[in-house]
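Text of my_file.txt (compact mmCIF, C-alpha atoms) as supplied:
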```
# COMPACT_ATOMS: atom_id res chain seq x y z
CA MET A 1 28.42 0.00 -13.51
CA VAL A 2 29.99 -2.86 -15.41
CA SER A 3 28.52 -6.29 -15.07
CA GLN A 4 29.36 -9.52 -16.75
CA LEU A 5 26.85 -11.40 -18.80
CA VAL A 6 27.27 -15.03 -19.68
CA LEU A 7 25.31 -16.42 -22.55
CA LEU A 8 24.34 -20.03 -22.20
CA ILE A 9 22.77 -22.14 -24.83
CA ASN A 10 20.49 -24.19 -22.58
CA HIS A 11 17.73 -22.98 -20.30
CA MET A 12 18.96 -21.80 -16.96
CA VAL A 13 15.88 -19.99 -15.85
CA LEU A 14 14.92 -22.37 -13.09
CA SER A 15 18.19 -22.08 -11.24
CA ILE A 16 18.09 -18.33 -11.59
CA LYS A 17 14.60 -18.32 -10.15
CA LEU A 18 15.83 -20.26 -7.14
CA LEU A 19 18.70 -17.88 -6.72
CA LEU A 20 16.30 -15.00 -6.82
CA ARG A 21 14.23 -16.42 -4.00
CA ASN A 22 17.24 -16.22 -1.74
CA LYS A 23 18.10 -12.75 -2.89
CA GLN A 24 15.93 -9.74 -2.25
CA ALA A 25 14.32 -9.60 -5.66
CA HIS A 26 10.91 -11.20 -5.83
CA THR A 27 9.58 -10.99 -9.34
CA GLN A 28 10.90 -10.85 -12.78
CA HIS A 29 11.84 -7.42 -13.99
CA VAL A 30 12.02 -5.69 -17.25
CA LEU A 31 15.60 -4.79 -17.78
CA LEU A 32 17.15 -2.38 -20.18
CA PHE A 33 20.52 -3.29 -21.56
CA ILE A 34 21.73 -0.41 -23.56
CA LEU A 35 24.62 -1.16 -25.86
CA GLY A 36 25.64 1.59 -28.17
CA GLY A 37 22.12 2.22 -29.34
CA LYS A 38 18.80 1.41 -27.77
CA VAL A 39 18.19 -2.27 -27.18
CA ILE A 40 15.68 -3.47 -24.69
CA ILE A 41 15.66 -7.05 -23.54
CA GLU A 42 12.51 -7.54 -21.55
CA ASP A 43 11.69 -9.90 -18.71
CA VAL A 44 15.17 -10.76 -17.59
CA PHE A 45 15.98 -12.13 -14.19
CA TYR A 46 18.81 -9.99 -13.02
CA VAL A 47 20.59 -9.94 -9.70
CA PRO A 48 22.86 -6.92 -9.45
CA ASP A 49 24.99 -8.45 -6.67
CA MET A 50 25.92 -11.48 -8.72
CA LYS A 51 29.27 -11.52 -10.41
CA CYS A 52 27.81 -13.11 -13.52
CA ASN A 53 24.26 -13.09 -14.74
CA LEU A 54 23.04 -15.78 -17.09
CA MET A 55 20.95 -15.40 -20.19
CA SER A 56 19.35 -18.07 -22.28
CA ILE A 57 19.89 -17.91 -26.02
CA CYS A 58 16.70 -19.87 -26.66
CA GLN A 59 14.74 -17.23 -24.84
CA LEU A 60 16.50 -14.45 -26.69
CA VAL A 61 15.47 -16.10 -29.94
CA GLU A 62 11.92 -16.34 -28.64
CA LYS A 63 11.99 -12.60 -28.02
CA GLY A 64 12.83 -11.91 -31.66
CA PHE A 65 16.58 -11.75 -31.53
CA SER A 66 18.68 -13.83 -33.85
CA VAL A 67 22.01 -15.43 -33.12
CA SER A 68 24.82 -16.45 -35.38
CA MET A 69 27.65 -18.60 -34.12
CA GLU A 70 30.64 -18.92 -36.35
CA GLY A 71 33.95 -20.30 -35.23
CA GLU A 72 34.49 -19.04 -31.73
CA SER A 73 32.47 -15.86 -31.93
CA LEU A 74 28.83 -15.25 -31.24
CA GLN A 75 26.87 -12.41 -32.70
CA LEU A 76 23.48 -11.33 -31.47
CA PHE A 77 21.19 -9.39 -33.77
CA ASP A 78 17.91 -7.75 -32.95
CA SER A 79 14.72 -8.09 -34.97
CA LYS A 80 15.90 -5.41 -37.43
CA LYS A 81 19.18 -7.29 -38.00
CA ASN A 82 21.25 -4.72 -36.15
CA LEU A 83 24.26 -6.10 -34.35
CA VAL A 84 23.67 -5.96 -30.63
CA LEU A 85 26.33 -8.09 -29.05
CA LYS A 86 29.53 -9.80 -30.00
CA SER A 87 31.44 -12.20 -27.83
CA THR A 88 33.90 -15.06 -28.00
CA LEU A 89 33.71 -18.55 -26.60
CA SER A 90 35.42 -18.93 -23.23
CA LYS A 91 37.00 -22.02 -21.68
CA ASN A 92 33.90 -23.35 -19.99
CA ARG A 93 31.90 -23.19 -23.22
CA THR A 94 29.97 -20.09 -22.37
CA TYR A 95 29.97 -16.76 -24.10
CA ARG A 96 30.97 -13.94 -21.87
CA CYS A 97 30.50 -10.27 -22.40
CA ASN A 98 30.70 -7.14 -20.34
CA ILE A 99 27.76 -4.87 -20.35
CA SER A 100 27.86 -1.35 -19.08
CA SER A 101 24.63 0.33 -18.33
CA ASP A 102 23.60 3.10 -16.03
CA LYS A 103 20.11 1.69 -15.85
CA MET A 104 21.24 -1.35 -13.90
CA MET A 105 21.72 0.65 -10.74
CA CYS A 106 18.29 2.09 -11.22
CA MET A 107 16.76 -1.33 -11.47
CA SER A 108 18.34 -2.56 -8.29
CA ALA A 109 16.87 0.45 -6.55
CA THR A 110 13.38 -0.20 -7.82
CA ILE A 111 13.46 -3.77 -6.57
CA SER A 112 13.78 -2.64 -2.99
CA GLU A 113 11.38 0.25 -3.47
CA ASP A 114 8.75 -2.25 -4.55
CA ALA A 115 8.84 -3.93 -1.15
CA GLU A 116 8.57 -0.57 0.57
CA ALA A 117 5.65 0.48 -1.56
CA LEU A 118 3.95 -2.84 -0.90
CA TRP A 119 4.33 -2.56 2.84
CA HIS A 120 3.23 1.06 2.69
CA LEU A 121 0.00 -0.21 1.13
CA ARG A 122 -0.37 -3.19 3.44
CA TYR A 123 0.05 -0.88 6.38
CA GLY A 124 -2.87 1.20 5.16
CA HIS A 125 -0.66 3.95 3.70
CA LEU A 126 1.32 4.40 6.90
CA ASN A 127 3.73 7.30 6.73
CA PHE A 128 7.26 6.44 5.64
CA ARG A 129 8.84 7.64 8.87
CA SER A 130 6.82 5.20 10.95
CA LEU A 131 7.40 2.46 8.42
CA SER A 132 11.15 2.86 8.66
CA GLU A 133 10.89 2.97 12.45
CA LEU A 134 8.97 -0.33 12.42
CA SER A 135 11.64 -1.87 10.27
CA SER A 136 14.74 -0.43 11.92
CA LYS A 137 13.68 -0.99 15.53
CA ASP A 138 12.30 -4.42 14.66
CA LEU A 139 8.97 -3.74 16.34
CA VAL A 140 6.92 -6.52 14.70
CA HIS A 141 7.48 -10.01 13.40
CA GLY A 142 7.30 -10.72 9.71
CA LEU A 143 8.35 -7.36 8.34
CA PRO A 144 11.36 -7.51 6.01
CA LYS A 145 14.22 -5.04 6.32
CA LEU A 146 13.12 -1.98 4.45
CA ASN A 147 15.25 0.82 3.18
CA VAL A 148 12.63 3.51 3.28
CA LYS A 149 13.24 6.73 1.49
CA LYS A 150 10.96 9.69 1.72
CA SER A 151 8.70 9.75 -1.28
CA ILE A 152 5.31 11.13 -2.20
CA CYS A 153 2.36 8.79 -2.51
CA GLU A 154 -0.47 10.32 -4.50
CA ILE A 155 -3.22 8.63 -2.52
CA CYS A 156 -1.70 9.79 0.75
CA VAL A 157 -1.66 13.35 -0.49
CA LYS A 158 -5.27 13.08 -1.61
CA SER A 159 -6.52 11.73 1.67
CA ASN A 160 -4.19 13.10 4.35
CA GLN A 161 -3.27 16.58 3.26
CA SER A 162 -3.80 19.27 5.84
CA ARG A 163 -3.20 22.99 6.01
CA LEU A 164 0.26 24.26 6.71
CA GLN A 165 1.10 25.93 9.98
CA PHE A 166 0.57 29.64 10.34
CA VAL A 167 4.02 30.72 11.38
CA SER A 168 4.64 34.28 12.42
CA ASP A 169 6.14 35.48 9.14
CA ALA A 170 2.80 37.00 8.22
CA PRO A 171 2.75 39.98 5.83
CA LYS A 172 4.51 42.84 7.49
CA ARG A 173 2.80 45.77 9.02
CA ALA A 174 3.14 49.07 7.26
CA SER A 175 5.69 51.59 8.36
CA GLU A 176 4.05 54.68 6.93
CA ALA A 177 0.51 55.98 7.07
CA LEU A 178 -1.72 54.59 4.31
CA GLN A 179 1.00 52.25 3.06
CA VAL A 180 -1.20 49.22 3.72
CA VAL A 181 -4.93 49.49 4.27
CA HIS A 182 -6.87 46.45 5.47
CA SER A 183 -10.49 46.13 4.61
CA ASP A 184 -13.32 43.66 5.19
CA ILE A 185 -17.06 43.74 4.80
CA CYS A 186 -18.91 42.67 7.88
CA GLY A 187 -22.50 41.74 7.15
CA LEU A 188 -25.03 41.88 9.97
CA LEU A 189 -28.45 43.48 9.51
CA ARG A 190 -26.71 46.28 7.77
CA TYR A 191 -23.53 46.05 5.80
CA LEU A 192 -20.51 47.47 7.40
CA LEU A 193 -17.42 48.37 5.47
CA LEU A 194 -14.44 48.33 7.74
CA VAL A 195 -11.18 49.93 6.78
CA VAL A 196 -8.21 49.70 9.08
CA VAL A 197 -5.11 51.69 8.51
CA SER A 198 -2.23 49.44 9.39
CA THR A 199 0.09 51.84 11.19
CA SER A 200 -2.34 53.38 13.63
CA LEU A 201 -5.22 50.83 13.70
CA LEU A 202 -7.47 53.76 12.81
CA LEU A 203 -10.92 52.49 11.98
CA LEU A 204 -12.91 54.03 9.18
CA MET A 205 -16.42 52.69 8.97
CA ASN A 206 -19.17 53.08 6.50
CA SER A 207 -22.48 51.32 6.97
CA GLN A 208 -25.31 50.86 4.54
CA GLU A 209 -28.80 49.39 4.68
CA MET B 1 -4.22 -8.52 33.90
CA LYS B 2 -6.84 -7.12 36.20
CA LYS B 3 -7.10 -3.45 35.49
CA SER B 4 -10.02 -1.15 35.27
CA ILE B 5 -10.84 2.20 33.78
CA LYS B 6 -10.53 5.04 36.29
CA ILE B 7 -11.67 8.04 34.32
CA LEU B 8 -13.52 8.16 31.04
CA ARG B 9 -13.20 11.46 29.25
CA THR B 10 -15.71 12.16 26.51
CA ASP B 11 -17.36 15.07 24.88
CA GLY B 12 -20.97 15.77 25.69
CA GLY B 13 -22.30 13.98 22.63
CA GLY B 14 -25.70 12.36 22.88
CA ASP B 15 -24.09 8.92 22.82
CA TYR B 16 -22.59 9.44 26.25
CA THR B 17 -25.29 11.34 28.09
CA SER B 18 -27.95 8.70 28.52
CA LYS B 19 -29.07 7.69 32.02
CA GLU B 20 -28.23 4.06 31.32
CA PHE B 21 -24.65 4.93 30.47
CA GLU B 22 -24.32 7.04 33.59
CA ALA B 23 -25.66 4.20 35.70
CA PHE B 24 -23.25 1.79 34.04
CA CYS B 25 -20.31 4.07 34.84
CA THR B 26 -21.26 4.49 38.48
CA ASN B 27 -21.84 0.75 38.87
CA HIS B 28 -18.39 -0.03 37.57
CA GLY B 29 -16.67 2.76 39.45
CA VAL B 30 -15.73 4.75 36.40
CA VAL B 31 -15.59 8.51 36.72
CA HIS B 32 -17.15 10.03 33.64
CA GLU B 33 -15.61 13.37 32.73
CA VAL B 34 -17.49 15.39 30.16
CA THR B 35 -15.60 18.18 28.44
CA ALA B 36 -17.00 21.67 28.16
CA PRO B 37 -19.52 22.10 25.34
CA TYR B 38 -18.01 23.02 21.95
CA THR B 39 -14.51 22.49 23.28
CA PRO B 40 -13.09 19.51 21.40
CA GLN B 41 -9.64 20.81 22.40
CA HIS B 42 -10.15 19.26 25.82
CA ASN B 43 -10.54 15.85 24.23
CA GLY B 44 -7.47 16.24 22.05
CA LEU B 45 -6.14 12.70 22.39
CA ALA B 46 -9.28 11.14 21.02
CA GLU B 47 -9.73 13.74 18.32
CA ARG B 48 -6.16 13.41 17.07
CA ARG B 49 -6.42 9.63 16.94
CA ASN B 50 -9.70 10.01 15.07
CA MET B 51 -7.89 12.06 12.45
CA THR B 52 -5.16 9.44 12.02
CA LEU B 53 -7.73 6.69 11.82
CA LEU B 54 -9.85 8.42 9.22
CA ASN B 55 -6.85 9.47 7.16
CA MET B 56 -5.83 5.85 6.94
CA THR B 57 -9.38 4.79 6.15
CA ARG B 58 -9.63 7.33 3.35
CA SER B 59 -6.34 6.15 1.86
CA MET B 60 -7.35 2.51 2.03
CA LEU B 61 -10.67 3.07 0.30
CA LYS B 62 -9.10 5.30 -2.33
CA GLN B 63 -6.31 2.85 -3.10
CA LYS B 64 -8.73 0.21 -4.33
CA ASN B 65 -11.57 2.49 -5.48
CA LEU B 66 -13.93 0.99 -2.97
CA PRO B 67 -17.36 2.54 -2.46
CA HIS B 68 -17.86 4.48 0.74
CA LYS B 69 -20.14 1.83 2.17
CA PHE B 70 -17.03 -0.08 3.21
CA TRP B 71 -16.03 2.66 5.61
CA GLY B 72 -16.92 0.58 8.67
CA GLU B 73 -14.75 -2.33 7.62
CA ALA B 74 -11.99 0.06 6.62
CA VAL B 75 -12.04 1.83 9.99
CA THR B 76 -11.92 -1.49 11.83
CA THR B 77 -8.98 -2.61 9.71
CA ALA B 78 -7.25 0.75 10.14
CA ALA B 79 -7.56 0.38 13.92
CA TYR B 80 -6.15 -3.14 13.65
CA ILE B 81 -3.21 -1.79 11.64
CA LEU B 82 -2.65 1.23 13.88
CA ASN B 83 -2.30 -1.08 16.86
CA LYS B 84 0.75 -2.47 15.12
CA CYS B 85 2.24 0.88 14.19
CA PRO B 86 4.83 2.84 16.15
CA THR B 87 3.65 5.69 18.33
CA LYS B 88 5.54 8.56 19.89
CA LYS B 89 4.73 7.57 23.45
CA LEU B 90 6.00 3.99 23.21
CA LYS B 91 9.63 3.96 22.20
CA LEU B 92 10.48 0.34 21.53
CA LYS B 93 7.04 -1.22 21.29
CA VAL B 94 3.89 -0.99 19.29
CA PRO B 95 0.56 -0.50 21.10
CA LYS B 96 -0.38 -4.15 20.65
CA GLU B 97 2.76 -5.31 22.43
CA ALA B 98 2.26 -2.83 25.24
CA TRP B 99 -1.27 -4.19 25.68
CA CYS B 100 -0.71 -7.94 25.53
CA GLY B 101 3.02 -8.24 26.17
CA ARG B 102 3.93 -10.14 23.02
CA LYS B 103 5.54 -8.80 19.89
CA PRO B 104 2.88 -8.93 17.21
CA SER B 105 3.33 -10.38 13.76
CA VAL B 106 2.36 -8.75 10.50
CA LYS B 107 2.78 -11.86 8.37
CA ASN B 108 -0.93 -11.94 7.67
CA PHE B 109 -1.06 -8.40 6.29
CA TRP B 110 -2.41 -7.88 2.80
CA VAL B 111 -3.44 -4.74 0.99
CA PHE B 112 -6.98 -3.83 2.04
CA GLY B 113 -9.56 -4.23 -0.70
CA SER B 114 -7.42 -6.49 -2.86
CA LEU B 115 -8.99 -9.01 -5.14
CA CYS B 116 -8.84 -12.46 -3.63
CA TYR B 117 -9.95 -15.98 -4.31
CA LYS B 118 -11.72 -17.87 -1.56
CA HIS B 119 -11.58 -21.62 -1.57
CA VAL B 120 -15.01 -23.22 -1.77
CA PRO B 121 -15.19 -26.07 0.73
CA ASP B 122 -15.73 -29.54 -0.73
CA ALA B 123 -19.15 -29.83 0.87
CA ARG B 124 -20.33 -26.69 -0.91
CA ARG B 125 -19.67 -27.74 -4.49
CA SER B 126 -19.92 -30.62 -6.88
CA LYS B 127 -16.91 -32.24 -8.49
CA LEU B 128 -16.62 -30.10 -11.56
CA GLU B 129 -17.58 -26.73 -10.14
CA ASP B 130 -15.11 -23.90 -9.58
CA LYS B 131 -12.94 -24.40 -6.54
CA SER B 132 -12.62 -20.72 -5.84
CA GLU B 133 -14.79 -17.64 -5.77
CA MET B 134 -13.58 -14.14 -6.44
CA MET B 135 -14.05 -11.69 -3.58
CA ILE B 136 -12.68 -8.54 -1.97
CA LEU B 137 -10.55 -8.60 1.15
CA ILE B 138 -12.23 -6.36 3.71
CA GLY B 139 -10.54 -7.21 6.95
CA TYR B 140 -8.91 -9.53 9.40
CA HIS B 141 -10.72 -11.94 11.65
CA PRO B 142 -9.39 -12.32 15.19
CA THR B 143 -8.88 -16.06 14.69
CA GLY B 144 -6.39 -15.50 11.89
CA ALA B 145 -8.86 -15.83 9.08
CA TYR B 146 -9.79 -13.10 6.61
CA LYS B 147 -13.01 -11.27 6.13
CA LEU B 148 -14.14 -11.25 2.51
CA TYR B 149 -16.97 -9.61 0.67
CA ASN B 150 -18.64 -11.04 -2.37
CA PRO B 151 -20.07 -8.15 -4.41
CA VAL B 152 -22.09 -10.55 -6.55
CA THR B 153 -24.11 -12.02 -3.73
CA GLN B 154 -23.47 -9.02 -1.42
CA LYS B 155 -22.49 -11.30 1.43
CA VAL B 156 -19.59 -11.29 3.86
CA HIS B 157 -17.57 -14.49 4.21
CA ILE B 158 -14.91 -15.49 6.68
CA SER B 159 -12.27 -17.83 5.40
CA ARG B 160 -8.66 -18.71 5.99
CA ASP B 161 -8.13 -20.38 2.62
CA VAL B 162 -7.56 -17.28 0.57
CA ILE B 163 -5.28 -16.44 -2.31
CA VAL B 164 -4.73 -12.70 -2.50
CA ASN B 165 -3.86 -10.78 -5.61
CA GLU B 166 -2.68 -7.51 -4.15
CA ALA B 167 -2.09 -5.82 -7.49
CA GLU B 168 -5.71 -6.11 -8.60
CA LYS B 169 -8.94 -4.48 -7.51
CA TRP B 170 -12.58 -5.19 -8.11
CA LYS B 171 -13.93 -3.43 -11.16
CA TRP B 172 -17.04 -1.73 -9.91
CA GLU B 173 -18.04 0.06 -13.08
CA SER B 174 -19.12 -3.23 -14.64
CA GLU B 175 -21.02 -4.22 -11.52
CA SER B 176 -24.30 -4.57 -13.36
CA GLU B 177 -22.73 -7.25 -15.47
CA TYR B 178 -21.54 -9.17 -12.43
CA SER B 179 -24.72 -8.92 -10.45
CA CYS B 180 -26.80 -10.39 -13.25
CA GLU B 181 -28.70 -13.14 -11.50
CA THR B 182 -28.94 -15.42 -14.47
CA LYS B 183 -25.20 -15.90 -14.53
CA LYS B 184 -24.29 -18.44 -11.94
CA SER B 185 -20.62 -18.66 -12.62
CA TYR B 186 -18.42 -15.82 -11.50
CA ILE B 187 -16.83 -13.66 -14.08
CA TYR B 188 -13.27 -12.66 -13.61
CA PRO B 189 -12.69 -8.94 -14.26
CA ASP B 190 -10.05 -9.10 -16.93
CA SER B 191 -11.21 -12.47 -18.24
CA SER B 192 -8.24 -14.08 -16.56
CA ASP B 193 -8.63 -17.67 -15.54
CA GLU B 194 -7.91 -19.26 -12.20
CA SER B 195 -4.42 -20.36 -13.02
CA GLU B 196 -3.42 -16.77 -13.52
CA GLY B 197 -4.74 -15.89 -10.12
CA GLU B 198 -2.63 -18.60 -8.59
CA GLU B 199 0.38 -17.37 -10.43
CA ASP B 200 -0.15 -13.92 -9.00
CA HIS B 201 -0.30 -15.39 -5.59
CA GLU B 202 3.01 -17.03 -6.17
CA GLN B 203 4.48 -13.61 -6.72
CA THR B 204 2.92 -12.10 -3.66
CA GLY B 205 3.75 -15.22 -1.70
CA THR B 206 7.43 -14.83 -2.40
CA CYS B 207 7.28 -11.27 -1.19
CA GLN B 208 6.14 -12.58 2.11
CA ILE B 209 8.94 -15.09 2.31
CA ASP B 210 11.42 -12.33 1.79
```
Render the structure in this file as structure tokens.
Amino acid sequence: MVSQLVLLINHMVLSIKLLLRNKQAHTQHVLLFILGGKVIIEDVFYVPDMKCNLMSICQLVEKGFSVSMEGESLQLFDSKKNLVLKSTLSKNRTYRCNISSDKMMCMSATISEDAEALWHLRYGHLNFRSLSELSSKDLVHGLPKLNVKKSICEICVKSNQSRLQFVSDAPKRASEALQVVHSDICGLLRYLLLVVVSTSLLLLMNSQE
Amino acid sequence: MKKSIKILRTDGGGDYTSKEFEAFCTNHGVVHEVTAPYTPQHNGLAERRNMTLLNMTRSMLKQKNLPHKFWGEAVTTAAYILNKCPTKKLKLKVPKEAWCGRKPSVKNFWVFGSLCYKHVPDARRSKLEDKSEMMILIGYHPTGAYKLYNPVTQKVHISRDVIVNEAEKWKWESESEYSCETKKSYIYPDSSDESEGEEDHEQTGTCQID
């Protein structure tokens, strides 16, 4: 996925925050922008649907990056003075650059998953099938549209797990004499050793005090 | 809605076999059916619902590491939640809507057992005292308020002025430190101050708007 990134010199965080309120995202997210090597810019408001996302240079500097602006080009260095970004000044006095990252798609997925996880918890760990039914059939007021995918919740497994069904593909019966011999000890007053030969249900018993 | 119970089907547990209960049933025209002894299969509907209810209860307690003594509150809350959950029998409704005819709202839902801050009414504090107390959310009150538990004083409060931090839970392991009687002020678990709590609410608040 290729997304455009506009670098602005002043703070634009407030307007981005307002934008975010209208979009589905609800908190700030740690975003990974990977350019050539490994560079992580943390705590970035990022809306995947937007054509351009804004970033504040002041805040980048606060995070330990350094910026050099010479002529019409801007260069962004990380704390170890490695070149991270290079872009030229555009007409409206912003610096534009294209960023390609696979992680961006991932992030947009986690934003919606957060809401699902939250409602899963609020609904007392309701199963995901019912949760999606609630959302898709619009059964209650106040529930946002959820895109529920089947996932495993550890607490649900710990508290709801039950035994699997006993379907009829049980171990097969023997086809020859003495191929499979079943045995159990049956303890009453005396011990009883019970041996059953699978083909003929022949019982062989041996009891002991 | 004037409707009455026609048949009450129960198992033969001691709770249902008293003479008083029998008299009550006959007075109100309820037929009391008792299933055969040791045959819970004949009371399948109730037993299956019990399982769902307790599974939810277990999850809720486990999520926030609450001690088992909260099971009663958790079961009540689980029943409240299950009334707003889809069932197989009702196709386009939840049980609550089928019962009272109105589509219920879940806007007041928070994660059970979350850490929350209850507003202390003006009459209950002096000017410079804390305006909020830290508590645990343990249920919903029918009037739209929340039921809160204060582990320090071991008292249950009902309040509608609550800020909920759904990401946090009460730290029980350091309970002895909290319940120290000499300390009058409430200690926040991760030494966070009030403003941080409010900030957290802002986050959860926006979720609700969405």
(request) Please identify all polymer residues within 10 Å of Leu76 in chain A, counting all atoms listed in the file, omitting same-chain residues fewer than 3 positions from it, and present them as a count of residues only. (result) 16
(request) Name the closest residue to Val164 in chain B among the candidates B:Gly113, B:Gly14, B:Pro151, B:Pro142; distances are taken between atoms, counting all atoms listed in the file. (result)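 Counting all atoms listed in the file, the residue closest to Val164 in chain B is B:Gly113.
Of the residues under consideration (A:Asn98, A:Ser136, A:Thr88, A:Gln208), A:Ser136 shows the shortest atom-to-atom contact distance to chain B when counting all atoms listed in the file.
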(message) Set the distance at 8 Å and use only C-alpha atoms: which residues neighbour range 123-128 of chain A once local chain neighbours fewer than 2 positions away are removed? I'd like the list as a PyMOL selection string.
(response) (chain A and resi 119-121+130-132+148-151+156) or (chain B and resi 56-57+59-60+78+81+109+111-112)
(message) (-11.4, -10.1, -3.1) in this file's frame - what residues fall within 6 Å of it? Use only C-alpha atoms and give the answer as a PyMOL selection string.
(response) chain B and resi 114-116+134-137
Next, write the just-selected residues to a file, as an mmCIF file, in the frame of the given file, keeping C-alpha atoms as the atom set.
```cif
data_model
loop_
_atom_site.group_PDB
_atom_site.id
_atom_site.type_symbol
_atom_site.label_atom_id
_atom_site.label_comp_id
_atom_site.auth_asym_id
_atom_site.auth_seq_id
_atom_site.Cartn_x
_atom_site.Cartn_y
_atom_site.Cartn_z
ATOM 1 C CA SER B 114 -7.420 -6.490 -2.860
ATOM 2 C CA LEU B 115 -8.990 -9.010 -5.140
ATOM 3 C CA CYS B 116 -8.840 -12.460 -3.630
ATOM 4 C CA MET B 134 -13.580 -14.140 -6.440
ATOM 5 C CA MET B 135 -14.050 -11.690 -3.580
ATOM 6 C CA ILE B 136 -12.680 -8.540 -1.970
ATOM 7 C CA LEU B 137 -10.550 -8.600 1.150
#
```
(request) Find, counting all atoms listed in the file, the residue in A:Val197, A:Leu178, A:Cys58, A:Lys145 that gets nearest to chain B. (result)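 Closest candidate: A:Lys145.
Interatomic distance, CA of Leu203 in chain A to CA of His182 in chain A: 9.8 Å.
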(request) Do me a favour and pick out the residues of chain A within 8 Å of chain B, using only C-alpha atoms, as an MDAnalysis selection string. (result) chainID A and resid 21:22 24 26:27 115 118 121:126 130:131 133:134 137 139:144 155:156 158:160
(message) Between CA of Ala117 in chain A and CA of Ile152 in chain A, what distance in Å does the model show, to one decimal?
(response)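 If I compute the distance from CA of Ala117 in chain A to CA of Ile152 in chain A, I get 10.7 Å.
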(request) In Å, rounded to a single decimal, give me how far CA of Pro121 in chain B is from CA of Lys147 in chain B. (result) 15.9 Å
(message) When you count only C-alpha atoms, which of these residues is closest to Ala98 in chain B: B:Asn83, B:Lys169, B:Glu129, B:Thr17?
(response)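 Checking each of B:Asn83, B:Lys169, B:Glu129, B:Thr17 against Ala98 in chain B, counting only C-alpha atoms, the winner is B:Asn83.
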(message) Residues near Tyr16 in chain B, anyone? I mean within 12 Å using only C-alpha atoms, not counting same-chain ones fewer than 5 positions away, as a PyMOL selection string.
(response) chain B and resi 8-11+21-25+32-35
(message) For Ser132 in chain B, find every residue with an atom within 9 Å (counting all atoms listed in the file), except residues of its own chain fewer than 6 positions away, and show them as a PyMOL selection string.
(response) chain B and resi 117-121+162+194
Keeping C-alpha atoms, export the residues of the selection given above as a PDB file, in the frame of the given file.
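The resulting file, part-v6.pdb, is shown below:
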```
ATOM      1  CA  TYR B 117      -9.950 -15.980  -4.310  1.00  0.00           C
ATOM      2  CA  LYS B 118     -11.720 -17.870  -1.560  1.00  0.00           C
ATOM      3  CA  HIS B 119     -11.580 -21.620  -1.570  1.00  0.00           C
ATOM      4  CA  VAL B 120     -15.010 -23.220  -1.770  1.00  0.00           C
ATOM      5  CA  PRO B 121     -15.190 -26.070   0.730  1.00  0.00           C
ATOM      6  CA  VAL B 162      -7.560 -17.280   0.570  1.00  0.00           C
ATOM      7  CA  GLU B 194      -7.910 -19.260 -12.200  1.00  0.00           C
TER       8      GLU B 194
END
```
Around all the atoms of range 127-134 of chain B listed in the file, draw an axis-aligned box and extend it by 3 Å on each of the six sides; I want its centre and edge lengths in Å to one decimal, as JSON.
```
{"center_x": -15.1, "center_y": -23.2, "center_z": -8.7, "size_x": 11.0, "size_y": 24.1, "size_z": 11.8}
```
